[in-house]
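Trainee: Okay, here's the structure, questions in a sec.
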Amino acid sequence: MAAFGLLTYIAASCWLAFIFPQSVLAFLLVEASFLLLCYVPAPPKVKLFLGALVLLVLLPSLGAINGYYLEIAIQIGIYVALALGLNIVVGFVGLLNLGFVAFFAIGAYLWAIFGSPQANEFIAGGFFPLSPNWFFPFLLLSIAVGALTGALLGLPVLRLRGDYLAIVTLGFAEVVRAVFNNLDKPINFTNGPKGISPITKPPLFFKPWLEFFGWEFSDATLYPMYFYFLVLLVVFMIIIVTRRLEDSRIGRAWKAIREDEMAAAAMGVPVVRMKLLGFAVGASFASAVGVLFAAKQVFINPESFTFMESIGVLAMVILGGMGSIPGAILGAAGVTILNLQLLKGLSLWLNGLRQSGTILTLPLLGSYPLSELPVQFEPAKYERMIFGLILILMMIFRPQGILPPRRDQKR
Amino acid sequence: MALLELRDISKRFGGLQALARVSLEVEDGVIASLIGPNGAGKTTLFNTLTGLYQPDDGQIRFQDRSLMGMKPDKITSAGISRTFQNIRLFSHMTVLDNVLVGMHSRVHTGLPEILLRTREFHKREKEALHRAMELIELTGLTGREGEWAHQLSYGEQRRLELARALAAAPKLLLLDEPTAGMNFTEAQSLVALLRELMGRYVQAILLIEHNMRVVMGVSHRVHVLDYGEKIAEGDPDEIRRDPRVIEAYLGSGAWAKHAQS
Ligand SMILES: Nc1ncnc2c1ncn2[C@@H]1O[C@H](COP(=O)(O)OP(=O)(O)OP(=O)(O)O)[C@@H](O)[C@H]1O
Ligand SMILES: [Mg+2]
């Protein structure tokens, strides 16, 4: 019954989105189907099937009509991956990390430098940019590099607790950004604030197959779809890895450290080793999506990796519910949609009203032509404020997050 | 040969000599008690023994191996585990998971096995689960394994602490005031449980306890601390009559109370 309702809802929302390909509202309704999938009671198999249907068939089809949908979906995917990584550090191990974006930056720069002519600046021989075929080896390499830098940062700072750790991780991220910003002299490694471009995209290894079946697509239409499925695959892998870790002695040790470090140590948990592992795993996720991000953006500079990004991802984890995988996913999706669609959509709508010369009539205050509204009133400009308000309200009314971890009635 | 051997352990906190050259042995097959007035240094001795504090001086040997400088998790692997006086459970974890954490040093699945979900992983996980359920049953927590630890009643939390400590498969079990806050019948059933543990689950127990009825009823050997110094050692009858012990407790005004309880 519930399954049927879900299917009807999904069909209806997708139909709306097909008819009104420019409507933000219609697309939001499609996205809301995931929320329903979380909350409506239905057999897990049915939910899985419906989720896969939306992710693998319906969303890409919508994306084929309006490429912007794919762009949104890709961004959501990237943030979901980051939130899942940070969730391990903050949600499972209980270590406040305010500089998580540093590992994202390291992954992004890893591919940006070698996947563009940039590396020619310090390695002679004109080998660069590397061919697209190097993309996947670098994706794997980025996991190792991320894990290594995560552990390296962990080694000196894991002795610190709470606030001190937060400050040091914040500092670390700023140092990483400053290094990328300033390492254009004496030897030009990162091209400084000017950033790096063009960055090689992943190989279109499947193109001959498409042509074999007689499907001709331009690269420009293929790439967004390609990135969508790549991000989906990476997020899927990350979810699997996180779930397997969570449901093992490692995950239990992490949570024990979060609950009571001293008791965990006394129960035989090697606290330092487990914390390092948590740092490394989280960082490797961020670093891997960094590579994807660089390839998708084609251009990156240090501006993409500011403190606000770290805070944003942290907010996603907290809003979703610390220590909960569905929570991190929902938090990331929700915040990204809020920033990219809701507030921007509202702003567009207000602009439309302004241009059409609508007059706002307020009782007692008289009428006020919207065209005279100062540009500062664009809601997109209040993104951070509205976002902050939501955070405050959440902390007051639902401090455990939207989908806090459940105690599973297992076995 | 003694299972545990402490030689001249000293520990100082600033100006306070919490432990002063304490020596003590726990033999295989023995339930020993550690008693003394409040602030005598009993918990500090446990903390030193389990690697949470480093002693300033002295020697700790367990099964003829030095434990000096070892990290707490290594000491647990070596075969010592404990409960805490002020309950320290993992509140936002289930009862079952609390016990499973106690098994950390006994279940050796590595990262590859965990990520690949190998047959070995499932086998070990199943064994661990089986043993955890056994301990949950032993401590009378059957049916509560899915609850969060902080949802348990006080007495249940104490028993969960015991189950978690047993999960580490210790040879020597350290219990810090296990009957605190329990009524007479609860304390009696705990005493019965402790006797049941001996030989089957643990080789020896060292018990900090204020309830003299429990101490005198269950112990083979009693050690008395006062102001960080060991002032007496003997079987329960000797301790009951020892003038130094009586004086230490009279000084704190508590012996009469303890003796009655
Ligand atoms: N980490 C610490 N830092 C400073 N002083 C400490 C510390 N731990 C214990 N002490 C002090 O050492 C002394 C011994 O404390 P301890 O907890 O070992 O006593 P106890 O015998 O367990 O007493 P109780 O019966 O009340 O539990 C006390 O005076 C206590 O204040
Ligand atoms: Mg004590």
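Ordering of the structure tokens sets the chain letters (A, B, ...); residue numbers start at 1 within each chain; ligands are numbered from 1 in the order shown.
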Which residues are near stretch 168-175 of chain A? Cut-off 6 Å, only C-alpha atoms, ignore same chain within fewer than 3 positions. Put them as a VMD selection string.
Mentor: chain A and resid 97 to 99 102 165 178
Trainee: Pick out the residues no farther than 6 Å from ligand 1, counting only C-alpha atoms and all ligand atoms, and list them as a list in words.
Mentor: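 Based on only C-alpha atoms and all ligand atoms, ligand 1 is surrounded within 6 Å by Phe13, Ala18, Pro37, Asn38, Gly39, Ala40, Gly41, Lys42, Thr43 and Thr44 of chain B.
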Trainee: Please identify all residues of chain A having at least one atom at most 6 Å from any atom of chain B, considering only C-alpha atoms, and return them as a PyMOL selection string.
Mentor: chain A and resi 256+259+265-270+409
Trainee: Can you tell me, as an MDAnalysis selection string, what residues are no more than 8 Å from stretch 13-25 of chain A when counting only C-alpha atoms, ignoring any on the same chain fewer than 3 positions away?
Mentor: chainID A and resid 9:10 28:30 58 62 65:66 341:342 345
Trainee: Give me, as a count of residues only, all polymer residues having an atom no more than 9 Å from B:Val222, counting only C-alpha atoms and skipping those fewer than 5 positions away in the same chain.
Mentor: 13
